[in-house]
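Here's the structure, in structure tokens; my notes come after.
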Amino acid sequence: MYTLCAREDELKIRGNILIAAFTGVLVSGAGAPGADTSPVRFIGKTKYLNNARAVVAHTIDDSTKYVTNCIDAMDKHGIKATIFVSTEQDPAPEDRFFTQLQVWNLWPRLRQAIDNGHEIGSHARTHPCGRPDTEAFCSAAYTDYEVTGSRDDILRRTQQPYVWTWCYPCGHCANYDFIQKEIAAAGYIVARNYPGEAQGRHIRPDLQSWDSNPYNAAYTQVVQKRGGAAKSEIIDVAILDAKFDEVYQRGGIYNFMSHPQWLDYGPEGFYERHLAHISRRGDVWYVPMGPLYAYRTIFERTEVRALSPAAAKARFTVSNDLDPKIYDGSITLEFRAPAGMAILSSGRKLAERANEMTDRWTQEYFRREGDHVYVTVQSNTTLEFLFSVKAPAADAAGVWKASYTNPDGQTRETTLNLKVDGDKVSGTIASQRGSAAISDGQVSGDDISFTVVRRGNGDEIQVTYKGKVEGETMKLTMQIDGRDPIQMTAKRGS
Ligand SMILES: [Zn+2]
């Protein structure tokens, strides 16, 4: 279920976290009352939202007019990105040639992008770069004006509830611990780097999972036709696609970055051909970088506990102590549960989804694969599993007395002793002529059916029963081979 990460050190760190998380869950599940007898079993939290096999995260840098073209291209293919903007509103006239600062015209399109599942991240206010990025330069450049000011600009200009993600202008200053601490103190939960542009080192960091240091976070590869050293471009679509294929096969995170001013647009250009290759897959989670990093924290910090079932078949609390404004994403929980159950979160019935593309991080729904159910919910809720129709199937359990008139006009008495386990019914049926085990018993909502094979005089006769459970009464139709059906009514009794 958990695939290998690209780096040895990553693997070790991720492995420890996963083991710790699962140990906690198993202990709390097994110790809870009713956990062993419930038809619903909690299996675990899934590594990615909606139990996706792999993840695609995209980031784009700089406030140029090409951001609009880039968002249009992404939306054509269903790719979701973190859009890093420098938020300076009114550059001095002598700076207006500096094309990274054209955010003024972008805000309406950025607000639309947020509604469409993208994220706006901060790229400072004035995009400060310094070559070399000395400690003196960085401590002077990373002012409140740049770090918290740009954050507040985004909050003021858009409907986004929080600014999760920072991007170091020119990739500078990312290696300084004191700068990382400043970014963290401003409330960002992840900061993306861009190492060694001049040396071509930014092209393929080849990170295929979450970075162990979220404040100097790398990505998988660059997709753009320029960027520093002349040899550093990657616009060969076959090479780009092959890297995605490798990450997808490993079940990893494919996190690629671009500068919109260094792309070719249109279906024949390398950028959109690559987007077409990686897009619209039912088993991939398309998500911006901030919510992706938030998911890891939600995964690690969320606890699931079984409660006593009460009226429902099973109940679980899903809780963490995270700030819901920052960690506003859903988490996916895997259960084993019989078919035909309704699932409620805080009393609201969750919609069932087919296996389709996952491209939002705050929704609630469930998805079934065989007897496994993947429930995607916001934390700090109570989940209830119940049979969706009004007569609960378990009501069929117990002793029932029935009488009927056979075709010869004789009245017969029968006693049913039924056991129900999920949607399966077993037990016995007894009359003056002896007792027989029932087989193929099923209950679905208030519908019940079972079969009894009677043996006598060398013959084997199959009798089928079908009907409905209505509170204290069960109406059944008995069919013996090809003969006319016989109606019978059973009442609860002992
Ligand atoms: Zn930049």
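Letters A, B, ... mark the chains of the structure tokens in the order given; residue numbers begin at 1 per chain; ligand numbers begin at 1, in order shown.
Taking only C-alpha atoms and all ligand atoms into account, ligand 1 has within 10 Å the residues A:Ile60, A:Asp61, A:Asp62, A:Ser63, A:Thr64, A:Phe84, A:Val85, A:Ser86, A:Gln100, A:Leu101, A:His123, A:Ala124, A:Thr126, A:His127, A:Pro128, A:Cys129, A:Cys167, A:Tyr168, A:Pro169, A:Cys170, A:Gly171, A:His172, A:Tyr194, A:His259.
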Proximity of range 295-362 of chain A to range 65-81 of chain A: per-residue shortest pair, 12 Å limit, only C-alpha atoms, as a Markdown table:
```
| residue | atom | partner | partner_atom | distance |
| --- | --- | --- | --- | --- |
| A:Met357 | CA | A:Gly78 | CA | 9.1 |
| A:Thr358 | CA | A:Gly78 | CA | 10.0 |
| A:Asp359 | CA | A:Lys80 | CA | 7.3 |
| A:Arg360 | CA | A:Lys80 | CA | 9.0 |
| A:Trp361 | CA | A:Lys80 | CA | 10.9 |
```
Dump as a PDB file, in the first residue's frame, selection limited to N, CA and C atoms:
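The result, written out as again38.pdb:
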```pdb
ATOM      1  N   MET A 357     -11.984  11.630 -10.918  1.00  0.00           N
ATOM      2  CA  MET A 357     -10.848  12.468 -10.593  1.00  0.00           C
ATOM      3  C   MET A 357     -11.027  13.183  -9.240  1.00  0.00           C
ATOM      4  N   THR A 358      -9.961  13.224  -8.460  1.00  0.00           N
ATOM      5  CA  THR A 358      -9.986  13.929  -7.178  1.00  0.00           C
ATOM      6  C   THR A 358      -9.248  15.254  -7.359  1.00  0.00           C
ATOM      7  N   ASP A 359      -9.962  16.376  -7.302  1.00  0.00           N
ATOM      8  CA  ASP A 359      -9.301  17.657  -7.561  1.00  0.00           C
ATOM      9  C   ASP A 359      -9.737  18.771  -6.604  1.00  0.00           C
ATOM     10  N   ARG A 360     -10.369  18.398  -5.484  1.00  0.00           N
ATOM     11  CA  ARG A 360     -10.664  19.371  -4.440  1.00  0.00           C
ATOM     12  C   ARG A 360     -10.234  18.757  -3.118  1.00  0.00           C
ATOM     13  N   TRP A 361      -9.871  19.613  -2.158  1.00  0.00           N
ATOM     14  CA  TRP A 361      -9.327  19.045  -0.918  1.00  0.00           C
ATOM     15  C   TRP A 361     -10.238  19.225   0.293  1.00  0.00           C
TER      16      TRP A 361
END
```
Residue neighbourhood Ile114 in chain A, 12 Å, only C-alpha atoms, exclusion window fewer than 2 positions, as an MDAnalysis selection string: chainID A and resid 71 75 80:83 107:112 116:121 154:155 157:163 287:288 360
Resulting file, chosen residues, N, CA and C atoms, as a PDB file, in the first residue's frame:
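So part.pdb came out as:
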```pdb
ATOM      1  N   ILE A  71      -3.051  29.679 -16.432  1.00  0.00           N
ATOM      2  CA  ILE A  71      -4.228  29.163 -15.718  1.00  0.00           C
ATOM      3  C   ILE A  71      -5.241  28.601 -16.733  1.00  0.00           C
ATOM      4  N   ASP A  75      -6.584  24.800 -16.691  1.00  0.00           N
ATOM      5  CA  ASP A  75      -8.015  24.498 -16.542  1.00  0.00           C
ATOM      6  C   ASP A  75      -8.530  23.635 -17.692  1.00  0.00           C
ATOM      7  N   LYS A  80      -4.187  21.362 -11.138  1.00  0.00           N
ATOM      8  CA  LYS A  80      -4.327  22.366 -10.074  1.00  0.00           C
ATOM      9  C   LYS A  80      -2.948  22.825  -9.610  1.00  0.00           C
ATOM     10  N   ALA A  81      -2.820  24.128  -9.386  1.00  0.00           N
ATOM     11  CA  ALA A  81      -1.491  24.670  -9.066  1.00  0.00           C
ATOM     12  C   ALA A  81      -1.526  25.639  -7.902  1.00  0.00           C
ATOM     13  N   THR A  82      -0.335  25.835  -7.341  1.00  0.00           N
ATOM     14  CA  THR A  82      -0.088  26.983  -6.481  1.00  0.00           C
ATOM     15  C   THR A  82       0.441  28.083  -7.389  1.00  0.00           C
ATOM     16  N   ILE A  83      -0.234  29.225  -7.379  1.00  0.00           N
ATOM     17  CA  ILE A  83       0.137  30.351  -8.242  1.00  0.00           C
ATOM     18  C   ILE A  83       0.853  31.364  -7.352  1.00  0.00           C
ATOM     19  N   TRP A 107      -5.622  40.035 -10.379  1.00  0.00           N
ATOM     20  CA  TRP A 107      -6.458  39.674  -9.222  1.00  0.00           C
ATOM     21  C   TRP A 107      -7.805  39.057  -9.604  1.00  0.00           C
ATOM     22  N   PRO A 108      -8.573  39.621 -10.558  1.00  0.00           N
ATOM     23  CA  PRO A 108      -9.869  38.993 -10.860  1.00  0.00           C
ATOM     24  C   PRO A 108      -9.719  37.534 -11.328  1.00  0.00           C
ATOM     25  N   ARG A 109      -8.699  37.300 -12.155  1.00  0.00           N
ATOM     26  CA  ARG A 109      -8.472  35.922 -12.645  1.00  0.00           C
ATOM     27  C   ARG A 109      -8.002  35.022 -11.502  1.00  0.00           C
ATOM     28  N   LEU A 110      -7.243  35.569 -10.553  1.00  0.00           N
ATOM     29  CA  LEU A 110      -6.770  34.770  -9.414  1.00  0.00           C
ATOM     30  C   LEU A 110      -7.934  34.374  -8.509  1.00  0.00           C
ATOM     31  N   ARG A 111      -8.876  35.293  -8.323  1.00  0.00           N
ATOM     32  CA  ARG A 111     -10.054  34.961  -7.493  1.00  0.00           C
ATOM     33  C   ARG A 111     -10.855  33.831  -8.135  1.00  0.00           C
ATOM     34  N   GLN A 112     -10.977  33.888  -9.448  1.00  0.00           N
ATOM     35  CA  GLN A 112     -11.668  32.823 -10.187  1.00  0.00           C
ATOM     36  C   GLN A 112     -10.906  31.490 -10.026  1.00  0.00           C
ATOM     37  N   ASN A 116     -11.823  27.625  -8.519  1.00  0.00           N
ATOM     38  CA  ASN A 116     -11.646  26.448  -9.366  1.00  0.00           C
ATOM     39  C   ASN A 116     -10.607  25.478  -8.815  1.00  0.00           C
ATOM     40  N   GLY A 117     -10.252  25.629  -7.542  1.00  0.00           N
ATOM     41  CA  GLY A 117      -9.396  24.616  -6.901  1.00  0.00           C
ATOM     42  C   GLY A 117      -7.904  24.891  -6.953  1.00  0.00           C
ATOM     43  N   HIS A 118      -7.503  26.101  -7.364  1.00  0.00           N
ATOM     44  CA  HIS A 118      -6.093  26.478  -7.288  1.00  0.00           C
ATOM     45  C   HIS A 118      -5.838  27.192  -5.956  1.00  0.00           C
ATOM     46  N   GLU A 119      -4.551  27.451  -5.710  1.00  0.00           N
ATOM     47  CA  GLU A 119      -4.151  28.129  -4.485  1.00  0.00           C
ATOM     48  C   GLU A 119      -3.267  29.316  -4.870  1.00  0.00           C
ATOM     49  N   ILE A 120      -3.414  30.438  -4.152  1.00  0.00           N
ATOM     50  CA  ILE A 120      -2.499  31.556  -4.365  1.00  0.00           C
ATOM     51  C   ILE A 120      -1.450  31.519  -3.252  1.00  0.00           C
ATOM     52  N   GLY A 121      -0.173  31.517  -3.657  1.00  0.00           N
ATOM     53  CA  GLY A 121       0.927  31.535  -2.705  1.00  0.00           C
ATOM     54  C   GLY A 121       1.691  32.838  -2.817  1.00  0.00           C
ATOM     55  N   ILE A 154      -2.657  39.128  -0.170  1.00  0.00           N
ATOM     56  CA  ILE A 154      -3.445  38.030  -0.760  1.00  0.00           C
ATOM     57  C   ILE A 154      -4.760  37.854   0.004  1.00  0.00           C
ATOM     58  N   LEU A 155      -4.677  37.923   1.330  1.00  0.00           N
ATOM     59  CA  LEU A 155      -5.906  37.778   2.130  1.00  0.00           C
ATOM     60  C   LEU A 155      -6.884  38.920   1.848  1.00  0.00           C
ATOM     61  N   ARG A 157      -7.036  40.773  -0.961  1.00  0.00           N
ATOM     62  CA  ARG A 157      -7.462  40.872  -2.368  1.00  0.00           C
ATOM     63  C   ARG A 157      -8.243  39.657  -2.851  1.00  0.00           C
ATOM     64  N   THR A 158      -8.232  38.594  -2.084  1.00  0.00           N
ATOM     65  CA  THR A 158      -8.919  37.377  -2.541  1.00  0.00           C
ATOM     66  C   THR A 158      -9.806  36.834  -1.429  1.00  0.00           C
ATOM     67  N   GLN A 159     -10.589  35.818  -1.766  1.00  0.00           N
ATOM     68  CA  GLN A 159     -11.459  35.143  -0.806  1.00  0.00           C
ATOM     69  C   GLN A 159     -10.759  33.948  -0.146  1.00  0.00           C
ATOM     70  N   GLN A 160      -9.483  33.743  -0.460  1.00  0.00           N
ATOM     71  CA  GLN A 160      -8.773  32.594   0.119  1.00  0.00           C
ATOM     72  C   GLN A 160      -8.694  32.772   1.636  1.00  0.00           C
ATOM     73  N   PRO A 161      -9.021  31.699   2.416  1.00  0.00           N
ATOM     74  CA  PRO A 161      -9.075  31.886   3.866  1.00  0.00           C
ATOM     75  C   PRO A 161      -7.711  31.931   4.541  1.00  0.00           C
ATOM     76  N   TYR A 162      -6.670  31.518   3.844  1.00  0.00           N
ATOM     77  CA  TYR A 162      -5.365  31.381   4.473  1.00  0.00           C
ATOM     78  C   TYR A 162      -4.303  31.378   3.366  1.00  0.00           C
ATOM     79  N   VAL A 163      -3.068  31.757   3.705  1.00  0.00           N
ATOM     80  CA  VAL A 163      -1.970  31.657   2.733  1.00  0.00           C
ATOM     81  C   VAL A 163      -0.991  30.617   3.268  1.00  0.00           C
ATOM     82  N   VAL A 287      -3.765  18.535  -6.849  1.00  0.00           N
ATOM     83  CA  VAL A 287      -3.857  19.410  -5.672  1.00  0.00           C
ATOM     84  C   VAL A 287      -2.703  20.408  -5.656  1.00  0.00           C
ATOM     85  N   PRO A 288      -2.949  21.642  -5.216  1.00  0.00           N
ATOM     86  CA  PRO A 288      -1.838  22.580  -5.037  1.00  0.00           C
ATOM     87  C   PRO A 288      -0.929  22.139  -3.875  1.00  0.00           C
ATOM     88  N   ARG A 360     -10.369  18.398  -5.484  1.00  0.00           N
ATOM     89  CA  ARG A 360     -10.664  19.371  -4.440  1.00  0.00           C
ATOM     90  C   ARG A 360     -10.234  18.757  -3.118  1.00  0.00           C
TER      91      ARG A 360
END
```
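Minimum atom-to-atom distances from A:Lys181, A:Ile331, A:Asn380, A:Ser431 to Thr411 in chain A were compared using only C-alpha atoms, and the lowest value belongs to A:Ser431.
One distance worth recording is that between CA of Gly370 in chain A and CA of Ala354 in chain A, which is 12.5 Å.
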Taking the backbone alone, and naming residues the way the document does, which bits of range 130-169 of chain A are helix (DSSP H, G or I) by DSSP, as a PyMOL selection string? chain A and resi 135-141+144-157+169
Could you write those residues out with N, CA and C atoms, as a PDB file, in the first residue's frame?
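Wrote it out as selection_17.pdb, contents follow:
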```pdb
ATOM      1  N   GLU A 135      24.131  36.160   3.780  1.00  0.00           N
ATOM      2  CA  GLU A 135      23.343  36.282   4.995  1.00  0.00           C
ATOM      3  C   GLU A 135      22.926  37.745   5.223  1.00  0.00           C
ATOM      4  N   ALA A 136      23.853  38.671   4.901  1.00  0.00           N
ATOM      5  CA  ALA A 136      23.547  40.098   5.074  1.00  0.00           C
ATOM      6  C   ALA A 136      22.412  40.504   4.140  1.00  0.00           C
ATOM      7  N   PHE A 137      22.483  40.073   2.890  1.00  0.00           N
ATOM      8  CA  PHE A 137      21.419  40.406   1.947  1.00  0.00           C
ATOM      9  C   PHE A 137      20.080  39.840   2.431  1.00  0.00           C
ATOM     10  N   CYS A 138      20.070  38.569   2.832  1.00  0.00           N
ATOM     11  CA  CYS A 138      18.802  37.912   3.188  1.00  0.00           C
ATOM     12  C   CYS A 138      18.184  38.552   4.431  1.00  0.00           C
ATOM     13  N   SER A 139      19.024  38.862   5.423  1.00  0.00           N
ATOM     14  CA  SER A 139      18.420  39.427   6.632  1.00  0.00           C
ATOM     15  C   SER A 139      17.864  40.819   6.345  1.00  0.00           C
ATOM     16  N   ALA A 140      18.463  41.532   5.382  1.00  0.00           N
ATOM     17  CA  ALA A 140      17.932  42.850   5.019  1.00  0.00           C
ATOM     18  C   ALA A 140      16.682  42.733   4.142  1.00  0.00           C
ATOM     19  N   ALA A 141      16.652  41.732   3.275  1.00  0.00           N
ATOM     20  CA  ALA A 141      15.568  41.622   2.286  1.00  0.00           C
ATOM     21  C   ALA A 141      14.293  41.029   2.881  1.00  0.00           C
ATOM     22  N   ASP A 144       9.289  42.317   7.300  1.00  0.00           N
ATOM     23  CA  ASP A 144       7.852  42.094   7.487  1.00  0.00           C
ATOM     24  C   ASP A 144       7.064  42.562   6.270  1.00  0.00           C
ATOM     25  N   TYR A 145       7.558  43.663   5.682  1.00  0.00           N
ATOM     26  CA  TYR A 145       6.895  44.212   4.503  1.00  0.00           C
ATOM     27  C   TYR A 145       6.785  43.132   3.417  1.00  0.00           C
ATOM     28  N   GLU A 146       7.854  42.359   3.225  1.00  0.00           N
ATOM     29  CA  GLU A 146       7.850  41.323   2.191  1.00  0.00           C
ATOM     30  C   GLU A 146       7.106  40.059   2.640  1.00  0.00           C
ATOM     31  N   VAL A 147       7.374  39.617   3.871  1.00  0.00           N
ATOM     32  CA  VAL A 147       6.949  38.273   4.289  1.00  0.00           C
ATOM     33  C   VAL A 147       5.495  38.259   4.761  1.00  0.00           C
ATOM     34  N   THR A 148       5.168  39.161   5.699  1.00  0.00           N
ATOM     35  CA  THR A 148       3.769  39.173   6.151  1.00  0.00           C
ATOM     36  C   THR A 148       2.921  40.111   5.300  1.00  0.00           C
ATOM     37  N   GLY A 149       3.568  41.141   4.711  1.00  0.00           N
ATOM     38  CA  GLY A 149       2.835  42.092   3.869  1.00  0.00           C
ATOM     39  C   GLY A 149       2.231  41.410   2.653  1.00  0.00           C
ATOM     40  N   SER A 150       2.995  40.556   1.993  1.00  0.00           N
ATOM     41  CA  SER A 150       2.487  39.871   0.797  1.00  0.00           C
ATOM     42  C   SER A 150       1.362  38.912   1.185  1.00  0.00           C
ATOM     43  N   ARG A 151       1.525  38.255   2.331  1.00  0.00           N
ATOM     44  CA  ARG A 151       0.468  37.372   2.848  1.00  0.00           C
ATOM     45  C   ARG A 151      -0.832  38.153   3.045  1.00  0.00           C
ATOM     46  N   ASP A 152      -0.722  39.324   3.684  1.00  0.00           N
ATOM     47  CA  ASP A 152      -1.917  40.121   3.965  1.00  0.00           C
ATOM     48  C   ASP A 152      -2.528  40.696   2.685  1.00  0.00           C
ATOM     49  N   ASP A 153      -1.683  40.994   1.687  1.00  0.00           N
ATOM     50  CA  ASP A 153      -2.211  41.443   0.392  1.00  0.00           C
ATOM     51  C   ASP A 153      -3.117  40.368  -0.219  1.00  0.00           C
ATOM     52  N   ILE A 154      -2.657  39.128  -0.170  1.00  0.00           N
ATOM     53  CA  ILE A 154      -3.445  38.030  -0.760  1.00  0.00           C
ATOM     54  C   ILE A 154      -4.760  37.854   0.004  1.00  0.00           C
ATOM     55  N   LEU A 155      -4.677  37.923   1.330  1.00  0.00           N
ATOM     56  CA  LEU A 155      -5.906  37.778   2.130  1.00  0.00           C
ATOM     57  C   LEU A 155      -6.884  38.920   1.848  1.00  0.00           C
ATOM     58  N   ARG A 156      -6.346  40.118   1.650  1.00  0.00           N
ATOM     59  CA  ARG A 156      -7.190  41.285   1.414  1.00  0.00           C
ATOM     60  C   ARG A 156      -7.795  41.268   0.011  1.00  0.00           C
ATOM     61  N   ARG A 157      -7.036  40.773  -0.961  1.00  0.00           N
ATOM     62  CA  ARG A 157      -7.462  40.872  -2.368  1.00  0.00           C
ATOM     63  C   ARG A 157      -8.243  39.657  -2.851  1.00  0.00           C
ATOM     64  N   PRO A 169      11.905  34.088  -3.914  1.00  0.00           N
ATOM     65  CA  PRO A 169      12.227  34.739  -5.186  1.00  0.00           C
ATOM     66  C   PRO A 169      13.647  34.365  -5.635  1.00  0.00           C
TER      67      PRO A 169
END
```
Could you pull the residues within 6 Å of range 269-280 of chain A, counting only C-alpha atoms, minus those fewer than 5 positions along the same chain, as an NGL selection string? :A and (77 or 235 or 237 or 264)
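Each of A:Thr165, A:Ser403, A:Gln199, A:Asn51 was compared to Ala217 in chain A using only C-alpha atoms, and A:Thr165 turns out to be the nearest.
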Give me, as a PyMOL selection string, the residues of range 313-395 of chain A that a backbone DSSP run labels strand (DSSP E). chain A and resi 314-319+330-336+341-345+348-349+365-369+372-378+381-387
Hey, can you spit out that residue selection with N, CA and C atoms as an mmCIF file, in the first residue's frame?
```cif
data_model
loop_
_atom_site.group_PDB
_atom_site.id
_atom_site.type_symbol
_atom_site.label_atom_id
_atom_site.label_comp_id
_atom_site.auth_asym_id
_atom_site.auth_seq_id
_atom_site.Cartn_x
_atom_site.Cartn_y
_atom_site.Cartn_z
ATOM 1 N N ALA A 314 -22.412 1.294 13.480
ATOM 2 C CA ALA A 314 -21.068 1.599 13.954
ATOM 3 C C ALA A 314 -20.910 3.102 14.010
ATOM 4 N N ARG A 315 -20.099 3.556 14.972
ATOM 5 C CA ARG A 315 -19.838 4.984 15.097
ATOM 6 C C ARG A 315 -18.361 5.196 15.397
ATOM 7 N N PHE A 316 -17.816 6.270 14.849
ATOM 8 C CA PHE A 316 -16.417 6.596 15.071
ATOM 9 C C PHE A 316 -16.278 8.106 15.246
ATOM 10 N N THR A 317 -15.395 8.516 16.127
ATOM 11 C CA THR A 317 -15.055 9.940 16.161
ATOM 12 C C THR A 317 -13.771 10.130 15.360
ATOM 13 N N VAL A 318 -13.704 11.240 14.643
ATOM 14 C CA VAL A 318 -12.540 11.612 13.842
ATOM 15 C C VAL A 318 -12.096 12.967 14.370
ATOM 16 N N SER A 319 -10.915 13.017 14.993
ATOM 17 C CA SER A 319 -10.568 14.286 15.641
ATOM 18 C C SER A 319 -9.088 14.606 15.538
ATOM 19 N N SER A 330 -9.894 17.796 3.934
ATOM 20 C CA SER A 330 -10.497 16.537 4.365
ATOM 21 C C SER A 330 -9.420 15.476 4.534
ATOM 22 N N ILE A 331 -9.820 14.370 5.156
ATOM 23 C CA ILE A 331 -8.955 13.188 5.262
ATOM 24 C C ILE A 331 -9.766 11.983 4.799
ATOM 25 N N THR A 332 -9.088 11.004 4.243
ATOM 26 C CA THR A 332 -9.790 9.804 3.789
ATOM 27 C C THR A 332 -9.491 8.645 4.728
ATOM 28 N N LEU A 333 -10.554 7.970 5.166
ATOM 29 C CA LEU A 333 -10.464 6.837 6.086
ATOM 30 C C LEU A 333 -10.990 5.601 5.375
ATOM 31 N N GLU A 334 -10.259 4.506 5.557
ATOM 32 C CA GLU A 334 -10.654 3.259 4.903
ATOM 33 C C GLU A 334 -11.356 2.352 5.910
ATOM 34 N N PHE A 335 -12.516 1.849 5.521
ATOM 35 C CA PHE A 335 -13.281 0.925 6.355
ATOM 36 C C PHE A 335 -13.619 -0.317 5.547
ATOM 37 N N ARG A 336 -13.907 -1.393 6.266
ATOM 38 C CA ARG A 336 -14.556 -2.543 5.661
ATOM 39 C C ARG A 336 -16.005 -2.493 6.163
ATOM 40 N N MET A 341 -25.089 0.460 3.151
ATOM 41 C CA MET A 341 -25.088 1.299 4.344
ATOM 42 C C MET A 341 -25.060 2.772 3.967
ATOM 43 N N ALA A 342 -25.768 3.565 4.751
ATOM 44 C CA ALA A 342 -25.656 5.017 4.624
ATOM 45 C C ALA A 342 -24.558 5.461 5.586
ATOM 46 N N ILE A 343 -23.806 6.481 5.215
ATOM 47 C CA ILE A 343 -22.747 6.987 6.079
ATOM 48 C C ILE A 343 -23.026 8.459 6.360
ATOM 49 N N LEU A 344 -23.071 8.775 7.660
ATOM 50 C CA LEU A 344 -23.372 10.140 8.078
ATOM 51 C C LEU A 344 -22.147 10.751 8.749
ATOM 52 N N SER A 345 -21.893 12.020 8.453
ATOM 53 C CA SER A 345 -20.842 12.769 9.126
ATOM 54 C C SER A 345 -21.519 13.937 9.836
ATOM 55 N N ARG A 348 -25.020 14.520 8.791
ATOM 56 C CA ARG A 348 -25.325 14.758 7.370
ATOM 57 C C ARG A 348 -24.950 13.522 6.562
ATOM 58 N N LYS A 349 -25.860 13.132 5.684
ATOM 59 C CA LYS A 349 -25.617 11.945 4.865
ATOM 60 C C LYS A 349 -24.577 12.271 3.794
ATOM 61 N N TYR A 365 -17.400 12.946 1.025
ATOM 62 C CA TYR A 365 -18.105 11.950 0.218
ATOM 63 C C TYR A 365 -17.555 10.573 0.590
ATOM 64 N N PHE A 366 -18.138 9.517 0.033
ATOM 65 C CA PHE A 366 -17.504 8.208 0.187
ATOM 66 C C PHE A 366 -17.522 7.473 -1.136
ATOM 67 N N ARG A 367 -16.643 6.488 -1.216
ATOM 68 C CA ARG A 367 -16.466 5.741 -2.445
ATOM 69 C C ARG A 367 -16.262 4.280 -2.058
ATOM 70 N N ARG A 368 -16.917 3.379 -2.790
ATOM 71 C CA ARG A 368 -16.854 1.956 -2.445
ATOM 72 C C ARG A 368 -16.026 1.194 -3.468
ATOM 73 N N GLU A 369 -15.182 0.287 -2.958
ATOM 74 C CA GLU A 369 -14.459 -0.654 -3.822
ATOM 75 C C GLU A 369 -14.617 -2.018 -3.176
ATOM 76 N N HIS A 372 -14.647 -2.623 0.663
ATOM 77 C CA HIS A 372 -13.927 -1.497 1.276
ATOM 78 C C HIS A 372 -14.616 -0.184 0.934
ATOM 79 N N VAL A 373 -14.692 0.684 1.927
ATOM 80 C CA VAL A 373 -15.309 1.986 1.727
ATOM 81 C C VAL A 373 -14.278 3.052 2.092
ATOM 82 N N TYR A 374 -14.086 4.013 1.208
ATOM 83 C CA TYR A 374 -13.169 5.133 1.463
ATOM 84 C C TYR A 374 -14.005 6.356 1.782
ATOM 85 N N VAL A 375 -13.962 6.773 3.031
ATOM 86 C CA VAL A 375 -14.796 7.876 3.513
ATOM 87 C C VAL A 375 -13.916 9.120 3.622
ATOM 88 N N THR A 376 -14.262 10.148 2.869
ATOM 89 C CA THR A 376 -13.497 11.396 2.856
ATOM 90 C C THR A 376 -14.301 12.449 3.606
ATOM 91 N N VAL A 377 -13.752 12.900 4.739
ATOM 92 C CA VAL A 377 -14.486 13.839 5.601
ATOM 93 C C VAL A 377 -13.549 14.873 6.211
ATOM 94 N N GLN A 378 -14.133 15.956 6.656
ATOM 95 C CA GLN A 378 -13.425 16.918 7.479
ATOM 96 C C GLN A 378 -13.242 16.295 8.866
ATOM 97 N N THR A 381 -15.432 15.263 13.608
ATOM 98 C CA THR A 381 -16.790 14.859 13.286
ATOM 99 C C THR A 381 -17.030 13.474 13.883
ATOM 100 N N THR A 382 -18.293 13.097 13.908
ATOM 101 C CA THR A 382 -18.657 11.724 14.272
ATOM 102 C C THR A 382 -19.238 11.055 13.038
ATOM 103 N N LEU A 383 -18.684 9.895 12.718
ATOM 104 C CA LEU A 383 -19.199 9.124 11.580
ATOM 105 C C LEU A 383 -20.162 8.070 12.086
ATOM 106 N N GLU A 384 -21.270 7.907 11.379
ATOM 107 C CA GLU A 384 -22.218 6.845 11.707
ATOM 108 C C GLU A 384 -22.468 6.016 10.453
ATOM 109 N N PHE A 385 -22.500 4.720 10.638
ATOM 110 C CA PHE A 385 -22.818 3.809 9.534
ATOM 111 C C PHE A 385 -24.172 3.189 9.844
ATOM 112 N N LEU A 386 -25.140 3.361 8.962
ATOM 113 C CA LEU A 386 -26.418 2.710 9.181
ATOM 114 C C LEU A 386 -26.998 2.190 7.888
ATOM 115 N N PHE A 387 -27.877 1.216 8.018
ATOM 116 C CA PHE A 387 -28.547 0.722 6.827
ATOM 117 C C PHE A 387 -29.509 1.792 6.365
#
```
